[in-house]
Amino acid sequence: MWGETFDDFENDEGEMAMAKQNLIAEPARADFTFAKLPLGIQPVDFMKTHFAETAGKSMQFRKGTTTLAFVYEPATPADKGGIIVAVDSRASSGEYISSKSVMKILDIGDRMVATMAGGAADCQFWTRIVAKYCTLYELREKTSITVSAASKYFANTLYGYRGQGLSVGSMVAGYDKKGPQIFKVDSEGDRCQLKVCSVGSGSLNAYGILDNHYKPKMTDDEARKLGLRAIMHATYRDSGSGGVCNLCHITPTEKIRLPPMDVSKLWYEFADELGRDITYNPVE
Amino acid sequence: MTSFTGITAVANATNEMAMFKQAMKEVAAHPEWMSSRQIERQRWNPYSMEGGSTCAISGENFAIVASDTRMTQNDINILTRDAEKIQILNDNIILTTSGFYGDVLQLKKVLQSRLHKYRFDYRSDMSVDLCAELLSRNLYYRRFFPYYTGAILAGIDEHGKGAVFSYDPIGCIERLGYSASGAAEPMIIPFLDCQIGHVTLSEGYERPELTLDRAISLMKDSFRGAAEREISTGDKIHLVIAEAGKPVVVKFLPLRED
């Protein structure tokens, strides 16, 4: 079927219809499988032996993260509202920081993003697969895909590889005909819709800030600051997170990516705002 | 009192479930019918680590790649002093890999054949951006039986700018200004962070421009520094220089041989 064009079927109408049908159908690569280990060897055990803490530093997979996303409504008519997605940028292999500038907000479409937590390669690869599915869906159905459908495809795909050692904790966030939506998807096949959501090793710290300061109605400035603040505090207390804070604001009309902010500088900014010294000084 | 027994019952049930799950896991990993020989095979090790380090730096209109040429066994026994870990795939793509030499060679072969096919299909050389994605996917296709390699792809992109792509063993890709992989990565990267990234310099200080000459001398320094303190790095630096619009230059420079 590959390499077939309409030119190959000039006159025969029946054949032409068949060809159209073939070309319209999504080219499913059912024959594709990942290279497998020899029979009788457990992939999870094999990975543990050769690519976990016991392996050399350079052979460990990159991981470690704080990511968060929340939906909010505009407080004043001047604001846009929508979704704020904020992430840190550290990738660590064991104790070694193998990158401090990873982009953990990956595009799925014009109006949708996925965040990256867990195994970096797993997230990058499978997000690409989902993005491909969404593009093909859009071409085939002539309407853009909903966040719900995209995240369900993502969750189903991951469920197919359950127990084989994939490690993905992703939030699919975006705007569709139903409004702003966030779905948390993970490699166990779990998928749930949330308004305020955080994933990764620093998620507990981020939740602390989010739960404390989140309001359903906020101004754009407030919302962006909340995202930055939660990431900053998470990176401050979680050694697995750090680097810069990347922030993406999905409004009803557009997707705005803000320039990366160094978290160590943010710390000083927020300390100024609180009007106190950055270090704890016991009163003498 | 009833509520207490209720809680105990629930706790017991949860405990039992956890124990059952554990037992299931153990049985799945080592079934009763498996002979000791088969269980032994579970610890099957197809990999070996041949050590060495590699590094790449990109600039405005150049990319330089270097690696040492030592190949060791168990980090101690030196197998050869001139193993080449850098592959020049075409005029503007250079692949450099550290790790298991068998996988290094296999990866080279896979990429070379894909590049050859691309040349046949499209009648032009592949650009480094495309090759970077290709490599990432090929690494991921072996997700459950990975290549035991730390790869770096460098070259000149379509706009004539230097490019460096860094990978983990299963294809997490990132475009960077400079990157290193292998045994001496934790030594080389902090040095380059200081000299090229200027992360230790506070604002308002003059930052020297990264010229080709400066990049080459930094590369030499980082390998000489690594060879002083890292046992599996040494013998020779295999240096490859790609400059936009010029042919690729290959050089060998001496390093410590002890």
# chains A, B, ... in the order shown; residues from 1 in each chain; ligands from 1
call {"tool": "residues_around", "arguments": {"residues": "Ala86 (chain A)", "least_positions_apart": "2", "cutoff": "6 Å", "atoms": "only C-alpha atoms", "output": "PDB file with C-alpha atoms, in the first residue's frame"}}
result
ATOM      1  CA  LEU A  68       1.819  21.310  37.409  1.00  0.00           C
ATOM      2  CA  GLY A 227       2.456  28.686  38.680  1.00  0.00           C
ATOM      3  CA  ASN A 246       9.014  27.037  31.813  1.00  0.00           C
ATOM      4  CA  LEU A 247       5.471  28.318  31.712  1.00  0.00           C
TER       5      LEU A 247
END
call {"tool": "residues_around", "arguments": {"residues": "Phe145 (chain B)", "least_positions_apart": "2", "cutoff": "10 Å", "atoms": "only C-alpha atoms", "output": "tab-separated table (two decimals) with all heavy atoms, in the first residue's frame"}}
result
chain	number	residue	atom	x	y	z
A	34	PHE	N	8.47	-3.46	19.03
A	34	PHE	CA	9.76	-3.08	19.58
A	34	PHE	C	10.69	-4.29	19.60
A	34	PHE	O	10.21	-5.42	19.75
A	34	PHE	CB	9.60	-2.56	21.00
A	34	PHE	CG	9.04	-1.18	21.06
A	34	PHE	CD1	7.70	-0.97	21.27
A	34	PHE	CD2	9.88	-0.09	20.90
A	34	PHE	CE1	7.19	0.31	21.31
A	34	PHE	CE2	9.37	1.19	20.94
A	34	PHE	CZ	8.03	1.39	21.14
A	35	ALA	N	11.98	-4.04	19.44
A	35	ALA	CA	12.96	-5.12	19.55
A	35	ALA	C	12.81	-5.76	20.92
A	35	ALA	O	12.72	-5.05	21.91
A	35	ALA	CB	14.36	-4.57	19.36
A	36	LYS	N	12.74	-7.08	20.95
A	36	LYS	CA	12.47	-7.76	22.22
A	36	LYS	C	13.70	-8.45	22.75
A	36	LYS	O	14.61	-8.80	22.01
A	36	LYS	CB	11.37	-8.80	22.00
A	36	LYS	CG	9.99	-8.19	21.91
A	36	LYS	CD	8.96	-9.08	22.59
A	36	LYS	CE	7.61	-8.42	22.64
A	36	LYS	NZ	6.99	-8.29	21.30
A	37	LEU	N	13.69	-8.69	24.03
A	37	LEU	CA	14.74	-9.49	24.66
A	37	LEU	C	14.52	-10.94	24.28
A	37	LEU	O	13.40	-11.33	23.96
A	37	LEU	CB	14.65	-9.35	26.17
A	37	LEU	CG	15.16	-8.04	26.75
A	37	LEU	CD1	14.64	-7.87	28.15
A	37	LEU	CD2	16.66	-8.03	26.75
A	38	PRO	N	15.56	-11.77	24.35
A	38	PRO	CA	15.36	-13.19	24.07
A	38	PRO	C	14.32	-13.78	25.01
A	38	PRO	O	14.11	-13.27	26.11
A	38	PRO	CB	16.73	-13.80	24.35
A	38	PRO	CG	17.68	-12.69	24.24
A	38	PRO	CD	16.96	-11.45	24.58
A	43	PRO	N	11.86	-8.25	31.02
A	43	PRO	CA	12.37	-6.91	30.69
A	43	PRO	C	12.61	-6.02	31.90
A	43	PRO	O	13.61	-5.31	31.96
A	43	PRO	CB	11.30	-6.32	29.77
A	43	PRO	CG	10.16	-7.24	29.82
A	43	PRO	CD	10.63	-8.56	30.31
A	46	PHE	N	15.72	-7.13	33.70
A	46	PHE	CA	16.87	-6.85	32.84
A	46	PHE	C	17.26	-5.38	32.94
A	46	PHE	O	18.42	-5.03	33.10
A	46	PHE	CB	16.51	-7.21	31.40
A	46	PHE	CG	17.63	-7.01	30.43
A	46	PHE	CD1	18.65	-7.94	30.33
A	46	PHE	CD2	17.65	-5.89	29.61
A	46	PHE	CE1	19.67	-7.75	29.43
A	46	PHE	CE2	18.68	-5.70	28.71
A	46	PHE	CZ	19.69	-6.64	28.61
A	47	MET	N	16.24	-4.50	32.90
A	47	MET	CA	16.48	-3.06	33.00
A	47	MET	C	17.08	-2.71	34.35
A	47	MET	O	17.96	-1.89	34.45
A	47	MET	CB	15.16	-2.30	32.85
A	47	MET	CG	14.62	-2.34	31.47
A	47	MET	SD	15.69	-1.43	30.39
A	47	MET	CE	14.85	-1.73	28.87
B	46	PRO	N	24.34	-9.21	28.17
B	46	PRO	CA	24.84	-9.10	26.81
B	46	PRO	C	25.78	-7.91	26.62
B	46	PRO	O	26.31	-7.71	25.54
B	46	PRO	CB	23.57	-8.91	26.00
B	46	PRO	CG	22.67	-8.17	26.93
B	46	PRO	CD	23.01	-8.60	28.31
B	139	LEU	N	16.92	4.76	18.67
B	139	LEU	CA	17.30	4.37	20.03
B	139	LEU	C	16.08	3.89	20.80
B	139	LEU	O	16.12	2.91	21.53
B	139	LEU	CB	17.95	5.55	20.77
B	139	LEU	CG	19.36	5.93	20.35
B	139	LEU	CD1	19.76	7.25	20.96
B	139	LEU	CD2	20.35	4.86	20.75
B	140	TYR	N	14.95	4.59	20.61
B	140	TYR	CA	13.75	4.21	21.36
B	140	TYR	C	13.16	2.88	20.90
B	140	TYR	O	12.56	2.17	21.69
B	140	TYR	CB	12.68	5.31	21.32
B	140	TYR	CG	11.66	5.10	22.42
B	140	TYR	CD1	11.88	5.60	23.69
B	140	TYR	CD2	10.52	4.33	22.21
B	140	TYR	CE1	10.99	5.35	24.72
B	140	TYR	CE2	9.63	4.08	23.24
B	140	TYR	CZ	9.87	4.60	24.48
B	140	TYR	OH	9.00	4.33	25.51
B	141	TYR	N	13.33	2.56	19.62
B	141	TYR	CA	12.80	1.29	19.13
B	141	TYR	C	13.40	0.12	19.89
B	141	TYR	O	12.84	-0.97	19.90
B	141	TYR	CB	13.07	1.13	17.63
B	141	TYR	CG	12.24	2.06	16.78
B	141	TYR	CD1	12.67	2.45	15.52
B	141	TYR	CD2	11.03	2.55	17.24
B	141	TYR	CE1	11.92	3.31	14.74
B	141	TYR	CE2	10.28	3.42	16.47
B	141	TYR	CZ	10.73	3.78	15.23
B	141	TYR	OH	9.98	4.64	14.46
B	142	ARG	N	14.55	0.35	20.49
B	142	ARG	CA	15.13	-0.71	21.32
B	142	ARG	C	14.85	-0.43	22.80
B	142	ARG	O	15.69	-0.67	23.65
B	142	ARG	CB	16.65	-0.76	21.06
B	142	ARG	CG	17.01	-1.12	19.63
B	142	ARG	CD	16.97	-2.60	19.45
B	142	ARG	NE	17.88	-3.23	20.36
B	142	ARG	CZ	19.06	-3.75	20.02
B	142	ARG	NH1	19.45	-3.73	18.79
B	142	ARG	NH2	19.84	-4.30	20.93
B	143	ARG	N	13.66	0.06	23.12
B	143	ARG	CA	13.32	0.45	24.47
B	143	ARG	C	13.46	-0.70	25.46
B	143	ARG	O	13.87	-0.52	26.60
B	143	ARG	CB	11.87	0.96	24.49
B	143	ARG	CG	11.28	1.25	25.87
B	143	ARG	CD	12.01	2.38	26.55
B	143	ARG	NE	11.45	2.71	27.85
B	143	ARG	CZ	11.69	2.05	28.97
B	143	ARG	NH1	12.47	1.01	28.95
B	143	ARG	NH2	11.16	2.42	30.11
B	147	TYR	N	20.29	-0.11	23.30
B	147	TYR	CA	21.70	0.02	22.95
B	147	TYR	C	22.41	0.54	24.19
B	147	TYR	O	21.93	1.48	24.82
B	147	TYR	CB	21.89	1.05	21.84
B	147	TYR	CG	21.42	0.64	20.48
B	147	TYR	CD1	20.34	1.29	19.88
B	147	TYR	CD2	22.06	-0.36	19.78
B	147	TYR	CE1	19.91	0.93	18.62
B	147	TYR	CE2	21.64	-0.72	18.51
B	147	TYR	CZ	20.56	-0.07	17.93
B	147	TYR	OH	20.13	-0.42	16.69
B	148	TYR	N	23.54	-0.06	24.54
B	148	TYR	CA	24.25	0.35	25.74
B	148	TYR	C	25.22	1.47	25.38
B	148	TYR	O	26.44	1.32	25.46
B	148	TYR	CB	25.01	-0.86	26.29
B	148	TYR	CG	25.31	-0.82	27.77
B	148	TYR	CD1	24.29	-0.83	28.70
B	148	TYR	CD2	26.62	-0.80	28.23
B	148	TYR	CE1	24.57	-0.83	30.05
B	148	TYR	CE2	26.90	-0.79	29.59
B	148	TYR	CZ	25.86	-0.81	30.49
B	148	TYR	OH	26.14	-0.79	31.83
B	170	ILE	N	18.08	5.48	25.73
B	170	ILE	CA	16.85	5.13	25.03
B	170	ILE	C	16.25	6.31	24.27
B	170	ILE	O	15.06	6.34	24.00
B	170	ILE	CB	15.79	4.51	25.96
B	170	ILE	CG1	15.61	5.37	27.21
B	170	ILE	CG2	16.17	3.11	26.32
B	170	ILE	CD1	14.40	4.99	28.01
call {"tool": "residues_around", "arguments": {"residues": "region 206-222 of chain B", "least_positions_apart": "2", "cutoff": "6 Å", "atoms": "only C-alpha atoms", "output": "PyMOL selection string"}}
result
chain B and resi 188+224-225
call {"tool": "residues_around", "arguments": {"residues": "Val240 (chain B)", "least_positions_apart": "6", "cutoff": "8 Å", "atoms": "only C-alpha atoms", "output": "list in words"}}
result
Ile64, Val65, Ala66, Val248, Val249, Val250 and Lys251 of chain B
call {"tool": "interface_residues", "arguments": {"of": "chain A", "to": "chain B", "cutoff": "10 Å", "atoms": "only C-alpha atoms", "output": "ChimeraX atom specification"}}
result
/A:32-38,40-47,49-51,55-63,93,96-99,101-103,119-125,164-166
call {"tool": "select_by_dssp", "arguments": {"residues": "region 49-266 of chain A", "states": "strand (DSSP E or B)", "output": "number ranges by chain"}}
result
A: 63, 66-74, 82-87, 91-93, 96-99, 105-107, 112-115, 118, 168-176, 179-186, 191-193, 196-200, 217-218, 244-250, 255-262
call {"tool": "residues_around", "arguments": {"residues": "Ala227 (chain B)", "least_positions_apart": "6", "cutoff": "8 Å", "atoms": "only C-alpha atoms", "output": "ChimeraX atom specification"}}
result
/B:233-234,255-256
call {"tool": "residues_around", "arguments": {"residues": "Asp186 (chain A)", "least_positions_apart": "6", "cutoff": "12 Å", "atoms": "only C-alpha atoms", "output": "JSON, numbers by chain"}}
result
{"A": [114, 115, 116, 117, 118, 119, 122, 123, 126, 151, 152, 154, 155, 156, 157, 158, 159, 161, 162, 166, 167, 168, 169, 170, 171, 172, 192, 199, 200]}
call {"tool": "write_last_selection", "arguments": {"atoms": "C-alpha atoms", "output": "mmCIF file, in the first residue's frame"}}
result
data_model
loop_
_atom_site.group_PDB
_atom_site.id
_atom_site.type_symbol
_atom_site.label_atom_id
_atom_site.label_comp_id
_atom_site.auth_asym_id
_atom_site.auth_seq_id
_atom_site.Cartn_x
_atom_site.Cartn_y
_atom_site.Cartn_z
ATOM 1 C CA ALA A 114 1.501 17.407 27.297
ATOM 2 C CA THR A 115 3.855 17.650 30.225
ATOM 3 C CA MET A 116 6.715 15.291 30.811
ATOM 4 C CA ALA A 117 7.356 13.465 34.076
ATOM 5 C CA GLY A 118 8.957 10.101 34.674
ATOM 6 C CA GLY A 119 11.198 8.656 31.977
ATOM 7 C CA ASP A 122 9.216 7.525 27.185
ATOM 8 C CA CYS A 123 7.365 10.835 27.391
ATOM 9 C CA TRP A 126 4.764 8.572 23.210
ATOM 10 C CA SER A 151 -5.750 11.644 26.493
ATOM 11 C CA LYS A 152 -7.791 8.480 26.198
ATOM 12 C CA PHE A 154 -2.609 8.157 25.198
ATOM 13 C CA ALA A 155 -3.824 6.165 28.235
ATOM 14 C CA ASN A 156 -4.892 3.210 26.090
ATOM 15 C CA THR A 157 -1.546 3.101 24.324
ATOM 16 C CA LEU A 158 0.314 3.144 27.622
ATOM 17 C CA TYR A 159 -1.996 0.494 29.049
ATOM 18 C CA TYR A 161 2.612 -1.688 27.560
ATOM 19 C CA ARG A 162 1.612 -2.021 31.217
ATOM 20 C CA LEU A 166 7.490 2.254 30.946
ATOM 21 C CA SER A 167 7.470 5.261 33.252
ATOM 22 C CA VAL A 168 5.233 8.137 32.183
ATOM 23 C CA GLY A 169 3.307 10.646 34.271
ATOM 24 C CA SER A 170 1.847 13.158 31.895
ATOM 25 C CA MET A 171 -0.776 15.853 31.979
ATOM 26 C CA VAL A 172 -2.585 16.471 28.726
ATOM 27 C CA CYS A 192 -8.463 11.284 35.361
ATOM 28 C CA VAL A 199 2.924 15.302 38.899
ATOM 29 C CA GLY A 200 6.486 14.330 39.742
#
call {"tool": "residues_around", "arguments": {"residues": "region 130-135 of chain A", "least_positions_apart": "2", "cutoff": "8 Å", "atoms": "only C-alpha atoms", "output": "PyMOL selection string"}}
result
chain A and resi 107-109+126-128+137-139+144-145+150+153-154
call {"tool": "write_last_selection", "arguments": {"atoms": "all heavy atoms", "output": "short mmCIF file (atom, residue, chain, number, x, y, z; two decimals), in the first residue's frame"}}
result
data_model
loop_
_atom_site.label_atom_id
_atom_site.label_comp_id
_atom_site.auth_asym_id
_atom_site.auth_seq_id
_atom_site.Cartn_x
_atom_site.Cartn_y
_atom_site.Cartn_z
N ASP A 107 4.42 19.95 22.70
CA ASP A 107 3.23 20.29 21.92
C ASP A 107 2.53 19.04 21.42
O ASP A 107 3.18 18.10 20.96
CB ASP A 107 3.63 21.13 20.70
CG ASP A 107 3.91 22.56 21.10
OD1 ASP A 107 3.17 23.07 21.95
OD2 ASP A 107 4.87 23.15 20.58
N ILE A 108 1.21 19.02 21.50
CA ILE A 108 0.45 17.95 20.85
C ILE A 108 -0.28 18.50 19.64
O ILE A 108 -0.37 17.89 18.61
CB ILE A 108 -0.53 17.28 21.83
CG1 ILE A 108 0.26 16.44 22.82
CG2 ILE A 108 -1.52 16.40 21.09
CD1 ILE A 108 -0.57 15.55 23.67
N GLY A 109 -0.81 19.69 19.78
CA GLY A 109 -1.45 20.35 18.64
C GLY A 109 -1.33 21.84 18.84
O GLY A 109 -0.56 22.29 19.67
N TRP A 126 6.20 8.85 23.25
CA TRP A 126 4.76 8.57 23.21
C TRP A 126 3.95 9.84 22.95
O TRP A 126 2.88 9.78 22.36
CB TRP A 126 4.31 7.84 24.47
CG TRP A 126 4.86 6.46 24.50
CD1 TRP A 126 5.82 5.99 25.34
CD2 TRP A 126 4.54 5.38 23.61
NE1 TRP A 126 6.10 4.67 25.03
CE2 TRP A 126 5.35 4.28 23.97
CE3 TRP A 126 3.66 5.24 22.53
CZ2 TRP A 126 5.28 3.06 23.32
CZ3 TRP A 126 3.61 4.02 21.87
CH2 TRP A 126 4.41 2.95 22.26
N THR A 127 4.46 11.00 23.38
CA THR A 127 3.77 12.24 23.07
C THR A 127 3.76 12.47 21.56
O THR A 127 2.78 12.96 21.00
CB THR A 127 4.44 13.43 23.77
OG1 THR A 127 4.51 13.14 25.15
CG2 THR A 127 3.67 14.70 23.58
N ARG A 128 4.89 12.13 20.92
CA ARG A 128 4.96 12.22 19.46
C ARG A 128 3.91 11.34 18.79
O ARG A 128 3.25 11.74 17.84
CB ARG A 128 6.34 11.77 18.98
CG ARG A 128 7.28 12.92 18.71
CD ARG A 128 6.79 13.67 17.50
NE ARG A 128 7.71 14.68 17.06
CZ ARG A 128 8.85 14.44 16.43
NH1 ARG A 128 9.24 13.22 16.20
NH2 ARG A 128 9.62 15.43 16.05
N TYR A 137 -6.25 12.43 12.99
CA TYR A 137 -7.66 12.53 13.36
C TYR A 137 -8.26 13.80 12.77
O TYR A 137 -9.34 13.79 12.19
CB TYR A 137 -7.77 12.55 14.88
CG TYR A 137 -9.18 12.65 15.41
CD1 TYR A 137 -9.88 11.52 15.81
CD2 TYR A 137 -9.82 13.89 15.52
CE1 TYR A 137 -11.17 11.61 16.30
CE2 TYR A 137 -11.11 13.98 16.01
CZ TYR A 137 -11.78 12.84 16.39
OH TYR A 137 -13.06 12.93 16.88
N GLU A 138 -7.50 14.89 12.90
CA GLU A 138 -7.98 16.19 12.42
C GLU A 138 -8.17 16.17 10.90
O GLU A 138 -9.16 16.68 10.38
CB GLU A 138 -6.98 17.26 12.83
CG GLU A 138 -7.60 18.63 12.94
CD GLU A 138 -6.66 19.61 13.62
OE1 GLU A 138 -6.01 19.23 14.60
OE2 GLU A 138 -6.59 20.75 13.15
N LEU A 139 -7.22 15.54 10.20
CA LEU A 139 -7.31 15.45 8.74
C LEU A 139 -8.48 14.56 8.33
O LEU A 139 -9.18 14.86 7.36
CB LEU A 139 -6.02 14.89 8.17
CG LEU A 139 -4.81 15.81 8.26
CD1 LEU A 139 -3.55 15.05 7.93
CD2 LEU A 139 -4.98 16.99 7.31
N SER A 144 -11.10 19.43 15.06
CA SER A 144 -9.96 19.16 15.94
C SER A 144 -10.38 18.23 17.07
O SER A 144 -11.53 18.23 17.51
CB SER A 144 -9.37 20.46 16.48
OG SER A 144 -10.35 21.18 17.14
N ILE A 145 -9.44 17.44 17.52
CA ILE A 145 -9.70 16.40 18.51
C ILE A 145 -9.92 17.02 19.89
O ILE A 145 -9.38 18.08 20.19
CB ILE A 145 -8.53 15.40 18.52
CG1 ILE A 145 -8.90 14.12 19.25
CG2 ILE A 145 -7.29 16.02 19.10
CD1 ILE A 145 -7.93 12.99 19.01
N ALA A 150 -7.88 12.66 23.01
CA ALA A 150 -6.42 12.53 22.88
C ALA A 150 -5.84 11.83 24.10
O ALA A 150 -5.01 10.93 23.97
CB ALA A 150 -5.80 13.90 22.70
N TYR A 153 -6.64 8.13 24.09
CA TYR A 153 -5.75 7.38 23.19
C TYR A 153 -4.41 7.16 23.86
O TYR A 153 -3.84 6.05 23.83
CB TYR A 153 -5.57 8.14 21.88
CG TYR A 153 -4.59 7.48 20.95
CD1 TYR A 153 -4.95 6.35 20.21
CD2 TYR A 153 -3.30 7.95 20.83
CE1 TYR A 153 -4.06 5.72 19.39
CE2 TYR A 153 -2.38 7.32 20.00
CZ TYR A 153 -2.77 6.21 19.28
OH TYR A 153 -1.87 5.58 18.48
N PHE A 154 -3.89 8.21 24.49
CA PHE A 154 -2.61 8.16 25.20
C PHE A 154 -2.66 7.07 26.28
O PHE A 154 -1.80 6.17 26.34
CB PHE A 154 -2.35 9.53 25.83
CG PHE A 154 -0.93 9.79 26.25
CD1 PHE A 154 -0.58 11.02 26.80
CD2 PHE A 154 0.06 8.83 26.09
CE1 PHE A 154 0.72 11.28 27.18
CE2 PHE A 154 1.37 9.09 26.47
CZ PHE A 154 1.68 10.32 27.03
#
call {"tool": "select_by_dssp", "arguments": {"residues": "region 10-162 of chain B", "states": "helix (DSSP H, G or I)", "output": "PyMOL selection string"}}
result
chain B and resi 10-29+36-42+101-122+128-140
call {"tool": "atom_distance", "arguments": {"atom1": "CA of Arg111 (chain A)", "atom2": "CA of Tyr72 (chain A)"}}
result
16.3 Å
